[in-house]
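These notes concern the structure reproduced below.
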Amino acid sequence: MTAPTAAGCAAPDQAAPLPASLDLEKETVITGLVRAESGESVPGAYVRLLDSTGEFTAEVVTSPAGQFRFFAAPGSWTLRALSRHGNGDTAVTADRGINEVTVTVNA
Amino acid sequence: MSRDTALVSAEWAEKNIDAPGVVFVEVDEDTSAYDTGHLAGAVKLDWKTDLQDPVRRDFVNKSQFEALLSERGIGNDDTVILYGGNNNWFAAYAYWYFKLYGHRDVKLLDGGRKKWELDARPLVTDQVQRPRTEYVAQEPDSSIRAFRDEVVAAIGTKNLVDVRSPDEYAGRLLAPAHLPQEQAQRAGHVPTAISVPWSKAANEDGTFKSDDELRRIYADAGLDDGKETIAYCRIGERSSHTWFVLQELLGHRDVKNYDGSWTEYGSLVGVPVALGDEPGEA
């Protein structure tokens with residue numbers, strides 16, 4: 001298996017290294033951690049990427065270390081996390097390359 | 001079809017987890033979630049290795065489907081409850097296969113894995129082995145599957161529903177935003193297709209919205225009840241979710257899923273493509 005661009009639409013492993021074939025001059029990667037209020041990372045959280053109008057664009061489940069990753073486009077986005085520990089939102093203005101974001105959830 | 005016959009709630013599923021004649025089936029593209037925990041007694045189907053032909057770009061044929069279900073211990077008379085991750089996309093795709101091959105009693109678990117996990121309902125890691133059956137499938141029901149020529153002919157005449165995200169529809173993105181964007185096909189949508197992202201039909205926890213809300217969403221988007229409908233996305237699983245809503249929950253007739261979807265259409269030579277947020281002209 002090469003890049004996670006195979007036929008399917010399921011999200012790749014959120015903790016895997018970025019594929020070597022990925023061109024960061026072209027891709028806008030939004031990545032980071034979901035944390036609880038205590039600061040602990042939250043595995044198994046559902047992270048939704050919402051566009052500038054609040055419309056759903058994509059969703060992934062965080063890795064055992066609480067990581068998530070999206071491939072978007074430059075612009076304004078909202079990350080919304082749902083978990084058993086509660087929910088949380090973070091706004092992000094993304095540029096090409098890697099954009100790191102933390103989403104904190106609370107009940 | 002209606003919500004009562006096509007859908008079960010998480011409460012119902014938890015109560016009926018051991019009920020005789022009920023088989024829970026988890027369907028995903030990446031089945032690693034199943035291995036870390038699944039509904040008690042549930043068998044798994046891998047969307048890629050179990051449900052796709054290993055050579056041609058097509059899904060499993062009648063005899064492959066029969067062999068698969070027999071091996072997993074699913075009988076013709078079983079009530080099959082499908083669920084999975086990704087807001088039930090792949091479970092909805094499997095539901096469409098089960099209908100295509102004439103399974104009598106198949107339902108989706110409302111909210112799939114997400115609702116189940118957020119509710120903190122029990123998951124187990126036991127190995128599940130059901131006794132083998134002799135499954136007999138019906139001939140494929142072509143009334144629910146659209147092919148590319150039919151989609152081209154539907155431009156300006158039938159309802160075409162593009163269920164991808166608004167940015168994929170407009171041509172600003174080529175794939176859902178959890179995947180890298182380098183793809184072979186052209187960007188855009190089938191001219192005259194309306195944009196109704198699959199996610200409009202689902203609540204945040206993955207459950208389906210109420211029938212009234214669903215009816216309003218498609219009416220407001222300009223879906224004409226009196227016409228046949230073809231739904232598509234990128235590879236046909238998000239559009240299975242919308243096919244399920246229109247035909248199985250709302251009871252529309254003549255709804256087809258175009259499983260070739262944008263990875264096929266966007267690679268065809270000579271077909272019309274529309275860019276931007278408007279449906280475009282026929």
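Naming scheme: A, B, ... for chains in displayed order of the structure tokens; residues 1 onward per chain; ligands 1 onward as shown.
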Can you check which residues of chain A have any atom within 8 Å of chain B? Use only C-alpha atoms and format it as a PDB file with N, CA and C atoms, in the first residue's frame.
```
ATOM      1  N   PRO A   4      -2.231   6.956   1.141  1.00  0.00           N
ATOM      2  CA  PRO A   4      -3.596   6.603   1.502  1.00  0.00           C
ATOM      3  C   PRO A   4      -4.615   7.213   0.542  1.00  0.00           C
ATOM      4  N   THR A   5      -4.353   7.093  -0.747  1.00  0.00           N
ATOM      5  CA  THR A   5      -5.273   7.641  -1.734  1.00  0.00           C
ATOM      6  C   THR A   5      -5.958   6.513  -2.488  1.00  0.00           C
ATOM      7  N   ALA A   7      -8.771   3.433  -3.290  1.00  0.00           N
ATOM      8  CA  ALA A   7     -10.146   3.644  -3.701  1.00  0.00           C
ATOM      9  C   ALA A   7     -11.032   4.202  -2.595  1.00  0.00           C
ATOM     10  N   GLY A   8     -10.751   3.835  -1.361  1.00  0.00           N
ATOM     11  CA  GLY A   8     -11.696   4.129  -0.293  1.00  0.00           C
ATOM     12  C   GLY A   8     -11.731   5.554   0.164  1.00  0.00           C
ATOM     13  N   CYS A   9     -12.688   5.840   1.038  1.00  0.00           N
ATOM     14  CA  CYS A   9     -12.835   7.188   1.591  1.00  0.00           C
ATOM     15  C   CYS A   9     -12.593   7.189   3.092  1.00  0.00           C
ATOM     16  N   ALA A  10     -12.242   6.065   3.690  1.00  0.00           N
ATOM     17  CA  ALA A  10     -12.045   6.045   5.140  1.00  0.00           C
ATOM     18  C   ALA A  10     -10.769   6.811   5.472  1.00  0.00           C
ATOM     19  N   ALA A  11     -10.710   7.332   6.694  1.00  0.00           N
ATOM     20  CA  ALA A  11      -9.539   8.111   7.094  1.00  0.00           C
ATOM     21  C   ALA A  11      -8.360   7.188   7.343  1.00  0.00           C
ATOM     22  N   PRO A  12      -7.155   7.608   6.945  1.00  0.00           N
ATOM     23  CA  PRO A  12      -5.970   6.803   7.254  1.00  0.00           C
ATOM     24  C   PRO A  12      -5.634   6.885   8.743  1.00  0.00           C
ATOM     25  N   LEU A  22       3.831  13.281  -0.230  1.00  0.00           N
ATOM     26  CA  LEU A  22       3.004  14.456   0.001  1.00  0.00           C
ATOM     27  C   LEU A  22       3.791  15.739  -0.276  1.00  0.00           C
ATOM     28  N   GLU A  27      -0.150  21.029  -0.294  1.00  0.00           N
ATOM     29  CA  GLU A  27      -1.166  20.561   0.665  1.00  0.00           C
ATOM     30  C   GLU A  27      -1.278  21.518   1.845  1.00  0.00           C
ATOM     31  N   TYR A  46     -14.065  12.111  18.188  1.00  0.00           N
ATOM     32  CA  TYR A  46     -14.478  12.358  16.810  1.00  0.00           C
ATOM     33  C   TYR A  46     -14.229  13.830  16.500  1.00  0.00           C
ATOM     34  N   LEU A  49     -14.170  18.623  10.766  1.00  0.00           N
ATOM     35  CA  LEU A  49     -13.674  19.842  10.131  1.00  0.00           C
ATOM     36  C   LEU A  49     -14.865  20.533   9.471  1.00  0.00           C
ATOM     37  N   PHE A  56     -20.242  20.783   7.440  1.00  0.00           N
ATOM     38  CA  PHE A  56     -19.359  19.637   7.653  1.00  0.00           C
ATOM     39  C   PHE A  56     -18.500  19.390   6.421  1.00  0.00           C
ATOM     40  N   THR A  57     -17.204  19.157   6.614  1.00  0.00           N
ATOM     41  CA  THR A  57     -16.324  18.811   5.490  1.00  0.00           C
ATOM     42  C   THR A  57     -15.708  17.430   5.657  1.00  0.00           C
ATOM     43  N   ALA A  58     -15.274  17.086   6.870  1.00  0.00           N
ATOM     44  CA  ALA A  58     -14.669  15.775   7.070  1.00  0.00           C
ATOM     45  C   ALA A  58     -14.653  15.449   8.556  1.00  0.00           C
ATOM     46  N   GLU A  59     -14.424  14.185   8.857  1.00  0.00           N
ATOM     47  CA  GLU A  59     -14.372  13.747  10.251  1.00  0.00           C
ATOM     48  C   GLU A  59     -13.362  12.623  10.388  1.00  0.00           C
ATOM     49  N   VAL A  60     -12.564  12.669  11.447  1.00  0.00           N
ATOM     50  CA  VAL A  60     -11.635  11.572  11.748  1.00  0.00           C
ATOM     51  C   VAL A  60     -11.753  11.236  13.233  1.00  0.00           C
ATOM     52  N   ARG A  69      -5.655  14.634  11.876  1.00  0.00           N
ATOM     53  CA  ARG A  69      -5.003  15.269  10.722  1.00  0.00           C
ATOM     54  C   ARG A  69      -6.006  15.424   9.572  1.00  0.00           C
ATOM     55  N   PHE A  70      -6.049  16.621   8.999  1.00  0.00           N
ATOM     56  CA  PHE A  70      -6.883  16.863   7.817  1.00  0.00           C
ATOM     57  C   PHE A  70      -6.026  17.422   6.683  1.00  0.00           C
ATOM     58  N   PHE A  71      -6.469  17.178   5.458  1.00  0.00           N
ATOM     59  CA  PHE A  71      -5.852  17.775   4.270  1.00  0.00           C
ATOM     60  C   PHE A  71      -6.895  18.719   3.697  1.00  0.00           C
ATOM     61  N   ALA A  72      -6.737  20.011   3.908  1.00  0.00           N
ATOM     62  CA  ALA A  72      -7.770  20.974   3.532  1.00  0.00           C
ATOM     63  C   ALA A  72      -7.242  21.918   2.466  1.00  0.00           C
ATOM     64  N   ALA A  73      -7.681  23.151   2.516  1.00  0.00           N
ATOM     65  CA  ALA A  73      -7.202  24.192   1.609  1.00  0.00           C
ATOM     66  C   ALA A  73      -6.988  25.438   2.461  1.00  0.00           C
ATOM     67  N   LEU A  82     -15.930  15.771  19.440  1.00  0.00           N
ATOM     68  CA  LEU A  82     -16.952  15.126  20.276  1.00  0.00           C
ATOM     69  C   LEU A  82     -16.268  13.970  20.987  1.00  0.00           C
ATOM     70  N   SER A  83     -16.521  13.837  22.291  1.00  0.00           N
ATOM     71  CA  SER A  83     -15.919  12.710  22.999  1.00  0.00           C
ATOM     72  C   SER A  83     -16.764  12.383  24.222  1.00  0.00           C
ATOM     73  N   ARG A  84     -16.429  11.259  24.856  1.00  0.00           N
ATOM     74  CA  ARG A  84     -17.117  10.894  26.098  1.00  0.00           C
ATOM     75  C   ARG A  84     -16.802  11.888  27.209  1.00  0.00           C
TER      76      ARG A  84
END
```
For the strand (DSSP E or B) assignment from backbone DSSP, which residues of range 91-209 of chain B qualify? Please present them as a list in words.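 Matching residues, listed in order: Val106, Lys107, Leu108, Leu109, Val124, Arg145, Asn159, Leu160, Val161, Asp162, His189, Ile194, Ser195, Ala202 and Phe208 of chain B.
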Can you write just those residues out, C-alpha atoms, as a PDB file, in the first residue's frame?
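What follows is the written file selection-v8.pdb:
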```
ATOM      1  CA  VAL B 106     -31.642  -5.771   6.681  1.00  0.00           C
ATOM      2  CA  LYS B 107     -31.449  -2.630   8.821  1.00  0.00           C
ATOM      3  CA  LEU B 108     -28.939   0.028   9.826  1.00  0.00           C
ATOM      4  CA  LEU B 109     -27.991   0.768  13.430  1.00  0.00           C
ATOM      5  CA  VAL B 124     -15.901  -6.612  23.252  1.00  0.00           C
ATOM      6  CA  ARG B 145     -27.684   1.001  -9.354  1.00  0.00           C
ATOM      7  CA  ASN B 159     -32.595  14.616 -10.223  1.00  0.00           C
ATOM      8  CA  LEU B 160     -28.833  14.355  -9.799  1.00  0.00           C
ATOM      9  CA  VAL B 161     -27.730  14.717  -6.188  1.00  0.00           C
ATOM     10  CA  ASP B 162     -24.076  15.373  -5.428  1.00  0.00           C
ATOM     11  CA  HIS B 189     -19.598  18.177 -10.579  1.00  0.00           C
ATOM     12  CA  ILE B 194     -27.832  19.781  -6.897  1.00  0.00           C
ATOM     13  CA  SER B 195     -25.493  19.896  -3.910  1.00  0.00           C
ATOM     14  CA  ALA B 202     -27.159  13.309   9.899  1.00  0.00           C
ATOM     15  CA  PHE B 208     -30.311  10.385  11.031  1.00  0.00           C
TER      16      PHE B 208
END
```
Residues within 9 Å of range 264-267 of chain B, only C-alpha atoms, excluding chain neighbours under 5 positions, as a short mmCIF file (atom, residue, chain, number, x, y, z; two decimals) with N, CA and C atoms, in the first residue's frame:
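Below you can see selection29.cif, which holds the result:
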```cif
data_model
loop_
_atom_site.label_atom_id
_atom_site.label_comp_id
_atom_site.auth_asym_id
_atom_site.auth_seq_id
_atom_site.Cartn_x
_atom_site.Cartn_y
_atom_site.Cartn_z
N ARG B 148 -22.49 4.89 -15.73
CA ARG B 148 -22.09 6.22 -16.19
C ARG B 148 -22.95 6.78 -17.32
N VAL B 151 -25.96 8.36 -16.12
CA VAL B 151 -25.72 9.63 -15.43
C VAL B 151 -25.60 10.75 -16.46
N VAL B 152 -24.86 10.48 -17.55
CA VAL B 152 -24.73 11.49 -18.61
C VAL B 152 -26.11 11.80 -19.19
N ALA B 184 -6.30 11.75 -9.72
CA ALA B 184 -6.18 11.72 -11.18
C ALA B 184 -7.31 12.47 -11.88
N GLN B 185 -8.49 12.49 -11.28
CA GLN B 185 -9.63 13.00 -12.03
C GLN B 185 -9.73 14.52 -11.99
N ARG B 186 -10.55 15.08 -12.89
CA ARG B 186 -10.81 16.51 -12.93
C ARG B 186 -11.71 16.88 -11.76
N ALA B 187 -11.67 18.15 -11.36
CA ALA B 187 -12.51 18.64 -10.27
C ALA B 187 -13.84 19.17 -10.81
N GLY B 188 -14.86 19.19 -9.96
CA GLY B 188 -16.15 19.76 -10.34
C GLY B 188 -17.29 18.81 -10.08
N HIS B 189 -18.42 19.04 -10.77
CA HIS B 189 -19.60 18.18 -10.58
C HIS B 189 -20.32 17.95 -11.91
N VAL B 190 -21.26 17.01 -11.90
CA VAL B 190 -22.06 16.73 -13.09
C VAL B 190 -23.00 17.92 -13.29
N ARG B 234 -17.83 10.44 -4.29
CA ARG B 234 -16.52 10.21 -4.91
C ARG B 234 -16.36 8.75 -5.31
N ILE B 235 -16.73 7.82 -4.40
CA ILE B 235 -16.61 6.39 -4.72
C ILE B 235 -17.90 5.62 -4.44
N ASP B 259 -22.36 4.17 -8.13
CA ASP B 259 -21.18 3.80 -7.33
C ASP B 259 -19.86 4.11 -8.06
N VAL B 273 -18.55 18.97 -17.50
CA VAL B 273 -18.27 19.15 -16.08
C VAL B 273 -18.61 20.59 -15.72
#
```
Using only C-alpha atoms, which residue out of A:Ser38, A:Val61, A:Pro74, A:Gly44 lies closest to Gly97 in chain A?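 Smallest distance to Gly97 in chain A is found for A:Pro74.
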